[in-house]
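Next comes upload-v4.cif, a file with mmCIF, C-alpha atoms.
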data_run
loop_
_atom_site.group_PDB
_atom_site.id
_atom_site.type_symbol
_atom_site.label_atom_id
_atom_site.label_comp_id
_atom_site.auth_asym_id
_atom_site.auth_seq_id
_atom_site.Cartn_x
_atom_site.Cartn_y
_atom_site.Cartn_z
ATOM 1 C CA MET A 1 25.182 93.122 -89.659
ATOM 2 C CA SER A 2 23.546 89.728 -89.110
ATOM 3 C CA SER A 3 26.879 87.873 -89.266
ATOM 4 C CA GLN A 4 28.641 90.189 -86.808
ATOM 5 C CA THR A 5 30.695 88.321 -84.209
ATOM 6 C CA ALA A 6 32.513 91.170 -82.430
ATOM 7 C CA ARG A 7 32.528 94.893 -81.706
ATOM 8 C CA VAL A 8 35.373 97.381 -81.507
ATOM 9 C CA ILE A 9 36.517 99.814 -78.836
ATOM 10 C CA LEU A 10 38.387 102.688 -80.480
ATOM 11 C CA LEU A 11 41.243 104.078 -78.377
ATOM 12 C CA THR A 12 42.807 107.353 -79.413
ATOM 13 C CA GLY A 13 44.673 110.278 -77.894
ATOM 14 C CA PRO A 14 47.746 112.398 -78.658
ATOM 15 C CA SER A 15 50.930 110.603 -79.659
ATOM 16 C CA GLY A 16 52.607 109.464 -76.436
ATOM 17 C CA SER A 17 49.421 109.423 -74.335
ATOM 18 C CA GLY A 18 49.890 105.731 -73.494
ATOM 19 C CA LYS A 19 47.443 104.075 -75.890
ATOM 20 C CA SER A 20 49.586 101.035 -76.685
ATOM 21 C CA SER A 21 50.547 100.337 -73.068
ATOM 22 C CA LEU A 22 46.939 100.635 -71.896
ATOM 23 C CA ALA A 23 45.731 98.417 -74.742
ATOM 24 C CA ALA A 24 48.267 95.750 -73.748
ATOM 25 C CA ARG A 25 47.081 95.864 -70.128
ATOM 26 C CA THR A 26 43.498 95.047 -71.110
ATOM 27 C CA GLY A 27 44.398 91.597 -72.438
ATOM 28 C CA LEU A 28 42.071 92.166 -75.411
ATOM 29 C CA PRO A 29 43.059 91.558 -79.041
ATOM 30 C CA VAL A 30 44.520 94.796 -80.436
ATOM 31 C CA LEU A 31 44.471 96.195 -83.970
ATOM 32 C CA PRO A 32 47.302 98.811 -84.241
ATOM 33 C CA LEU A 33 45.863 101.530 -86.459
ATOM 34 C CA ASP A 34 49.285 103.124 -87.058
ATOM 35 C CA ASP A 35 49.939 100.220 -89.445
ATOM 36 C CA PHE A 36 47.520 101.895 -91.870
ATOM 37 C CA TYR A 37 49.737 104.900 -92.551
ATOM 38 C CA LYS A 38 50.238 105.660 -96.238
ATOM 39 C CA GLU A 39 53.637 104.779 -97.679
ATOM 40 C CA GLY A 40 56.268 107.473 -98.051
ATOM 41 C CA ASP A 41 55.998 107.655 -101.848
ATOM 42 C CA ASP A 42 52.209 108.105 -101.890
ATOM 43 C CA PRO A 43 51.495 111.322 -103.851
ATOM 44 C CA SER A 44 48.441 112.064 -101.698
ATOM 45 C CA LEU A 45 50.518 112.563 -98.525
ATOM 46 C CA PRO A 46 49.985 116.011 -96.953
ATOM 47 C CA LEU A 47 52.937 118.363 -96.532
ATOM 48 C CA LEU A 48 53.919 120.612 -93.661
ATOM 49 C CA PRO A 49 53.078 124.229 -94.578
ATOM 50 C CA GLY A 50 55.831 125.872 -96.610
ATOM 51 C CA THR A 51 57.945 122.711 -96.859
ATOM 52 C CA THR A 52 58.364 119.536 -98.886
ATOM 53 C CA ALA A 53 58.278 117.398 -95.708
ATOM 54 C CA THR A 54 55.372 115.059 -95.024
ATOM 55 C CA ASP A 55 53.002 115.996 -92.212
ATOM 56 C CA TRP A 56 52.686 112.610 -90.492
ATOM 57 C CA ASP A 57 50.373 114.083 -87.853
ATOM 58 C CA ALA A 58 47.707 115.032 -90.397
ATOM 59 C CA PRO A 59 44.809 112.572 -90.823
ATOM 60 C CA ASP A 60 45.354 112.532 -94.599
ATOM 61 C CA SER A 61 48.666 110.714 -94.014
ATOM 62 C CA TRP A 62 46.604 107.712 -92.944
ATOM 63 C CA ASN A 63 44.400 105.293 -94.901
ATOM 64 C CA ALA A 64 41.063 105.530 -93.094
ATOM 65 C CA ASP A 65 39.220 103.397 -95.666
ATOM 66 C CA ALA A 66 41.602 100.477 -95.201
ATOM 67 C CA ALA A 67 41.353 100.760 -91.411
ATOM 68 C CA VAL A 68 37.546 100.704 -91.464
ATOM 69 C CA ALA A 69 37.559 97.751 -93.860
ATOM 70 C CA ALA A 70 39.856 95.788 -91.521
ATOM 71 C CA ILE A 71 37.668 96.582 -88.499
ATOM 72 C CA ALA A 72 34.517 95.575 -90.378
ATOM 73 C CA ARG A 73 36.064 92.257 -91.404
ATOM 74 C CA LEU A 74 37.234 91.555 -87.858
ATOM 75 C CA CYS A 75 33.742 92.256 -86.534
ATOM 76 C CA ALA A 76 32.117 90.050 -89.180
ATOM 77 C CA GLU A 77 34.615 87.209 -89.534
ATOM 78 C CA GLY A 78 36.825 87.329 -86.433
ATOM 79 C CA ALA A 79 40.122 87.499 -88.351
ATOM 80 C CA VAL A 80 41.871 89.716 -90.899
ATOM 81 C CA ASP A 81 45.247 90.158 -92.608
ATOM 82 C CA THR A 82 46.777 93.551 -91.823
ATOM 83 C CA PRO A 83 49.895 95.437 -92.924
ATOM 84 C CA VAL A 84 52.989 95.796 -90.755
ATOM 85 C CA TYR A 85 54.220 99.370 -91.085
ATOM 86 C CA SER A 86 57.686 100.698 -90.282
ATOM 87 C CA LEU A 87 57.495 104.307 -89.097
ATOM 88 C CA ALA A 88 61.257 104.631 -89.504
ATOM 89 C CA ALA A 89 61.103 103.530 -93.160
ATOM 90 C CA SER A 90 57.681 105.096 -93.873
ATOM 91 C CA ALA A 91 56.700 101.884 -95.611
ATOM 92 C CA VAL A 92 54.813 98.617 -95.243
ATOM 93 C CA THR A 93 57.374 95.908 -94.499
ATOM 94 C CA GLY A 94 55.102 92.872 -94.330
ATOM 95 C CA HIS A 95 51.709 91.547 -93.313
ATOM 96 C CA THR A 96 50.328 89.695 -90.321
ATOM 97 C CA ARG A 97 47.084 87.985 -89.367
ATOM 98 C CA LEU A 98 45.020 89.114 -86.412
ATOM 99 C CA ASP A 99 42.652 86.429 -85.114
ATOM 100 C CA LEU A 100 40.237 87.361 -82.336
ATOM 101 C CA GLY A 101 40.020 83.763 -81.175
ATOM 102 C CA GLY A 102 36.317 84.174 -80.518
ATOM 103 C CA ALA A 103 36.671 87.354 -78.427
ATOM 104 C CA PRO A 104 33.475 89.443 -78.649
ATOM 105 C CA VAL A 105 35.347 92.739 -78.207
ATOM 106 C CA PHE A 106 38.690 94.035 -79.496
ATOM 107 C CA LEU A 107 40.634 97.308 -79.355
ATOM 108 C CA ALA A 108 41.712 99.405 -82.326
ATOM 109 C CA GLU A 109 44.211 102.039 -81.165
ATOM 110 C CA GLY A 110 45.998 104.899 -82.871
ATOM 111 C CA ILE A 111 46.255 108.686 -83.095
ATOM 112 C CA PHE A 112 43.695 108.797 -85.916
ATOM 113 C CA ALA A 113 41.116 106.435 -84.409
ATOM 114 C CA ALA A 114 38.705 109.322 -83.799
ATOM 115 C CA GLU A 115 38.584 109.976 -87.543
ATOM 116 C CA ILE A 116 36.613 106.747 -88.043
ATOM 117 C CA ALA A 117 34.453 106.780 -84.891
ATOM 118 C CA GLY A 118 31.414 108.054 -86.743
ATOM 119 C CA ARG A 119 31.782 105.510 -89.541
ATOM 120 C CA CYS A 120 32.164 102.623 -87.100
ATOM 121 C CA ARG A 121 29.135 103.822 -85.154
ATOM 122 C CA ASP A 122 27.028 104.102 -88.312
ATOM 123 C CA LEU A 123 28.037 100.552 -89.309
ATOM 124 C CA GLY A 124 26.939 99.225 -85.921
ATOM 125 C CA LEU A 125 30.488 98.114 -85.034
ATOM 126 C CA LEU A 126 31.304 100.464 -82.166
ATOM 127 C CA ALA A 127 31.264 99.377 -78.520
ATOM 128 C CA ASP A 128 32.961 102.553 -77.232
ATOM 129 C CA ALA A 129 35.353 105.302 -78.332
ATOM 130 C CA LEU A 130 37.884 106.714 -75.872
ATOM 131 C CA CYS A 131 40.426 109.524 -76.014
ATOM 132 C CA LEU A 132 43.286 109.390 -73.493
ATOM 133 C CA ARG A 133 44.296 112.740 -72.067
ATOM 134 C CA GLY A 134 46.849 113.890 -69.526
ATOM 135 C CA ARG A 135 49.509 116.533 -68.896
ATOM 136 C CA PRO A 136 51.004 117.738 -72.216
ATOM 137 C CA SER A 137 54.490 117.804 -70.648
ATOM 138 C CA THR A 138 54.174 114.176 -69.498
ATOM 139 C CA THR A 139 52.887 113.120 -72.906
ATOM 140 C CA ALA A 140 55.757 114.928 -74.632
ATOM 141 C CA ARG A 141 58.390 113.276 -72.435
ATOM 142 C CA ARG A 142 56.899 109.816 -72.936
ATOM 143 C CA ARG A 143 56.614 110.352 -76.688
ATOM 144 C CA PHE A 144 60.215 111.553 -77.110
ATOM 145 C CA VAL A 145 61.703 108.658 -75.107
ATOM 146 C CA ARG A 146 59.645 106.121 -77.089
ATOM 147 C CA ASP A 147 60.397 107.604 -80.509
ATOM 148 C CA LEU A 148 64.108 107.923 -79.728
ATOM 149 C CA ARG A 149 64.263 104.319 -78.466
ATOM 150 C CA GLU A 150 62.497 103.002 -81.560
ATOM 151 C CA GLY A 151 64.480 105.186 -83.977
ATOM 152 C CA ARG A 152 61.316 106.414 -85.644
ATOM 153 C CA LYS A 153 62.822 109.597 -87.122
ATOM 154 C CA SER A 154 65.890 111.823 -86.706
ATOM 155 C CA VAL A 155 66.463 113.512 -83.352
ATOM 156 C CA ARG A 156 66.036 116.928 -84.980
ATOM 157 C CA PHE A 157 62.672 115.888 -86.407
ATOM 158 C CA LEU A 158 61.540 114.422 -83.074
ATOM 159 C CA VAL A 159 62.418 117.574 -81.122
ATOM 160 C CA ARG A 160 60.657 119.851 -83.609
ATOM 161 C CA ARG A 161 57.608 117.593 -83.809
ATOM 162 C CA GLY A 162 57.505 117.130 -80.031
ATOM 163 C CA TRP A 163 57.446 120.860 -79.349
ATOM 164 C CA HIS A 164 54.662 121.369 -81.893
ATOM 165 C CA LEU A 165 52.566 118.501 -80.519
ATOM 166 C CA MET A 166 52.959 119.601 -76.903
ATOM 167 C CA ARG A 167 51.602 123.041 -77.766
ATOM 168 C CA ALA A 168 48.787 121.519 -79.863
ATOM 169 C CA GLU A 169 47.793 118.744 -77.435
ATOM 170 C CA ARG A 170 44.731 120.365 -75.892
ATOM 171 C CA GLY A 171 43.392 121.157 -79.346
ATOM 172 C CA ILE A 172 44.031 117.568 -80.466
ATOM 173 C CA VAL A 173 42.015 116.205 -77.543
ATOM 174 C CA ALA A 174 39.224 118.708 -78.218
ATOM 175 C CA ARG A 175 39.016 117.631 -81.867
ATOM 176 C CA GLN A 176 38.965 113.935 -81.005
ATOM 177 C CA THR A 177 36.217 114.596 -78.468
ATOM 178 C CA THR A 178 34.186 116.460 -81.088
ATOM 179 C CA LEU A 179 34.548 113.458 -83.398
ATOM 180 C CA GLY A 180 32.811 111.283 -80.822
ATOM 181 C CA CYS A 181 35.459 109.986 -78.402
ATOM 182 C CA HIS A 182 35.056 110.243 -74.630
ATOM 183 C CA PRO A 183 38.044 112.077 -73.048
ATOM 184 C CA CYS A 184 39.432 110.331 -69.978
ATOM 185 C CA GLY A 185 42.517 109.267 -68.065
ATOM 186 C CA HIS A 186 43.887 105.743 -67.927
ATOM 187 C CA THR A 187 41.904 104.696 -64.854
ATOM 188 C CA GLU A 188 38.551 105.735 -66.291
ATOM 189 C CA ALA A 189 39.432 104.228 -69.666
ATOM 190 C CA MET A 190 40.171 100.863 -68.052
ATOM 191 C CA ALA A 191 36.878 101.028 -66.145
ATOM 192 C CA ARG A 192 34.881 101.739 -69.294
ATOM 193 C CA ILE A 193 36.622 98.957 -71.171
ATOM 194 C CA ASP A 194 35.875 96.573 -68.312
ATOM 195 C CA THR A 195 32.207 97.585 -68.433
ATOM 196 C CA VAL A 196 32.054 96.682 -72.122
ATOM 197 C CA THR A 197 33.894 93.384 -71.749
ATOM 198 C CA HIS A 198 32.161 92.347 -68.518
ATOM 199 C CA PRO A 199 28.642 93.816 -68.644
ATOM 200 C CA ALA A 200 26.484 93.585 -65.553
ATOM 201 C CA PRO A 201 24.051 90.647 -65.703
ATOM 202 C CA VAL A 202 20.473 91.474 -66.566
ATOM 203 C CA THR A 203 18.073 90.470 -63.822
ATOM 204 C CA ALA A 204 14.373 89.910 -64.250
ATOM 205 C CA ASP A 205 12.033 92.292 -62.468
ATOM 206 C CA ALA A 206 10.448 90.838 -59.364
#

Conversion result in structure tokens:
Amino acid sequence: MSSQTARVILLTGPSGSGKSSLAARTGLPVLPLDDFYKEGDDPSLPLLPGTTATDWDAPDSWNADAAVAAIARLCAEGAVDTPVYSLAASAVTGHTRLDLGGAPVFLAEGIFAAEIAGRCRDLGLLADALCLRGRPSTTARRRFVRDLREGRKSVRFLVRRGWHLMRAERGIVARQTTLGCHPCGHTEAMARIDTVTHPAPVTADA
């Protein structure tokens, strides 16, 4: 893209792995990919097997096309209008504008970021793609405390979902790795992000 002004670092990992807190620590502009969830009345939402309840952990509950379009516009133009999504209401509640302010690199973080790693790479937008991993029990505890504090869903739903995700965590990381994301802990992730944002100077051969 001849008009490209920025590149994206995709940050993914199981729900509760610390993506948002790590993204905030970097000081980079952040595009929250969870804001691209489909709304609760969308007929294309996937269902949990044998139920009429939406499977919010399935990639089809998320609008990948809209997320890629927003990333492409940010890379090309440096700013984009994005939805503000309420997980508690399962609906878009407003819109906001993300302006990179001239930053050459930004983060896009969310549990489905790996789903678009290949597309971003093919479009020439990708600076790196990382998958945070850790102890499933630690992730589960962090996720439950966060979701309870934010009132995302009922306690019964959170307990049932948390147990399922803790058992599935290693498989989630394996899938995200297969989709092109590098699995790592927080320390390595920060180091890789720093390498992208502060590349070593190129010196001429003697």

Identify, on the basis of only C-alpha atoms, every residue whose closest approach to Phe36 in chain A does not exceed 10 Å; exclude the query and any residue fewer than 6 positions from it along the same chain; express the result as number ranges by chain.
A: 61-67, 70, 82-85, 91-92, 110, 112

Please expand the PyMOL selection byres ((chain A and resi 11) around 8) into the concrete residues it hits in this file, giving the result as a list in words.
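Selection result, ordered by chain and number: Ile9, Leu10, Thr12, Gly13, Lys19, Leu107, Ala108, Glu109, Gly110, Ala113, Ala114, Ala129, Leu130, Cys131 and Leu132 of chain A.
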
Would you translate the PyMOL selection byres ((chain A and resi 137-141) around 7) into the concrete set of residues it matches in this file, as a list in words?
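Here the PyMOL selection byres ((chain A and resi 137-141) around 7) matches Gly16, Ser17, Gly134, Arg135, Pro136, Arg142, Arg143, Phe144, Val145, Gly162 and Met166 of chain A.
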
Apply the PyMOL selection byres ((chain A and resi 23-30) around 12) to the displayed file and report the matching residues as a PyMOL selection string.
chain A and resi 6-12+17-22+31-35+71+74-75+78-80+82+97-110+130+132+186-187+189-198

For the selection just defined, write its residues with C-alpha atoms to a file, as an mmCIF file, in the coordinates of the input.
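Dumped to again_16.cif:
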data_model
loop_
_atom_site.group_PDB
_atom_site.id
_atom_site.type_symbol
_atom_site.label_atom_id
_atom_site.label_comp_id
_atom_site.auth_asym_id
_atom_site.auth_seq_id
_atom_site.Cartn_x
_atom_site.Cartn_y
_atom_site.Cartn_z
ATOM 1 C CA ALA A 6 32.513 91.170 -82.430
ATOM 2 C CA ARG A 7 32.528 94.893 -81.706
ATOM 3 C CA VAL A 8 35.373 97.381 -81.507
ATOM 4 C CA ILE A 9 36.517 99.814 -78.836
ATOM 5 C CA LEU A 10 38.387 102.688 -80.480
ATOM 6 C CA LEU A 11 41.243 104.078 -78.377
ATOM 7 C CA THR A 12 42.807 107.353 -79.413
ATOM 8 C CA SER A 17 49.421 109.423 -74.335
ATOM 9 C CA GLY A 18 49.890 105.731 -73.494
ATOM 10 C CA LYS A 19 47.443 104.075 -75.890
ATOM 11 C CA SER A 20 49.586 101.035 -76.685
ATOM 12 C CA SER A 21 50.547 100.337 -73.068
ATOM 13 C CA LEU A 22 46.939 100.635 -71.896
ATOM 14 C CA LEU A 31 44.471 96.195 -83.970
ATOM 15 C CA PRO A 32 47.302 98.811 -84.241
ATOM 16 C CA LEU A 33 45.863 101.530 -86.459
ATOM 17 C CA ASP A 34 49.285 103.124 -87.058
ATOM 18 C CA ASP A 35 49.939 100.220 -89.445
ATOM 19 C CA ILE A 71 37.668 96.582 -88.499
ATOM 20 C CA LEU A 74 37.234 91.555 -87.858
ATOM 21 C CA CYS A 75 33.742 92.256 -86.534
ATOM 22 C CA GLY A 78 36.825 87.329 -86.433
ATOM 23 C CA ALA A 79 40.122 87.499 -88.351
ATOM 24 C CA VAL A 80 41.871 89.716 -90.899
ATOM 25 C CA THR A 82 46.777 93.551 -91.823
ATOM 26 C CA ARG A 97 47.084 87.985 -89.367
ATOM 27 C CA LEU A 98 45.020 89.114 -86.412
ATOM 28 C CA ASP A 99 42.652 86.429 -85.114
ATOM 29 C CA LEU A 100 40.237 87.361 -82.336
ATOM 30 C CA GLY A 101 40.020 83.763 -81.175
ATOM 31 C CA GLY A 102 36.317 84.174 -80.518
ATOM 32 C CA ALA A 103 36.671 87.354 -78.427
ATOM 33 C CA PRO A 104 33.475 89.443 -78.649
ATOM 34 C CA VAL A 105 35.347 92.739 -78.207
ATOM 35 C CA PHE A 106 38.690 94.035 -79.496
ATOM 36 C CA LEU A 107 40.634 97.308 -79.355
ATOM 37 C CA ALA A 108 41.712 99.405 -82.326
ATOM 38 C CA GLU A 109 44.211 102.039 -81.165
ATOM 39 C CA GLY A 110 45.998 104.899 -82.871
ATOM 40 C CA LEU A 130 37.884 106.714 -75.872
ATOM 41 C CA LEU A 132 43.286 109.390 -73.493
ATOM 42 C CA HIS A 186 43.887 105.743 -67.927
ATOM 43 C CA THR A 187 41.904 104.696 -64.854
ATOM 44 C CA ALA A 189 39.432 104.228 -69.666
ATOM 45 C CA MET A 190 40.171 100.863 -68.052
ATOM 46 C CA ALA A 191 36.878 101.028 -66.145
ATOM 47 C CA ARG A 192 34.881 101.739 -69.294
ATOM 48 C CA ILE A 193 36.622 98.957 -71.171
ATOM 49 C CA ASP A 194 35.875 96.573 -68.312
ATOM 50 C CA THR A 195 32.207 97.585 -68.433
ATOM 51 C CA VAL A 196 32.054 96.682 -72.122
ATOM 52 C CA THR A 197 33.894 93.384 -71.749
ATOM 53 C CA HIS A 198 32.161 92.347 -68.518
#

Coordinates of box centre and edge lengths for range 104-110 of chain A, 3 Å on every side, axis-aligned, as JSON:
{"center_x": 39.7, "center_y": 97.2, "center_z": -80.5, "size_x": 18.5, "size_y": 21.5, "size_z": 10.7}

Report the distance between CA of Tyr37 in chain A and CA of Pro59 in chain A in Å, rounded to one decimal place.
9.3 Å

Counting all atoms listed in the file, select every polymer residue within 12 Å of (48.6, 114.7, -97.8) as defined in the file's coordinates, and provide the selection as a ChimeraX atom specification.
/A:37-49,52-63

Which one is closest to Arg175 in chain A: A:Ile111, A:Leu87, A:Val155, A:Ala69? Count all atoms listed in the file.
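So, comparing all the options, the nearest one is A:Ile111.
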
Which residue is closest to Ala117 in chain A? Choose from A:Gly171, A:Pro199, A:Gly185, A:Val68 and count all atoms listed in the file.
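Looking only at the distances to Ala117 in chain A, the closest residue turns out to be A:Val68.
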
Computed gap from CA of Leu148 in chain A to CA of Trp163 in chain A is 14.6 Å

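Taking CA of Asp81 in chain A and CA of Arg149 in chain A as the two end points, the separation is 27.6 Å.
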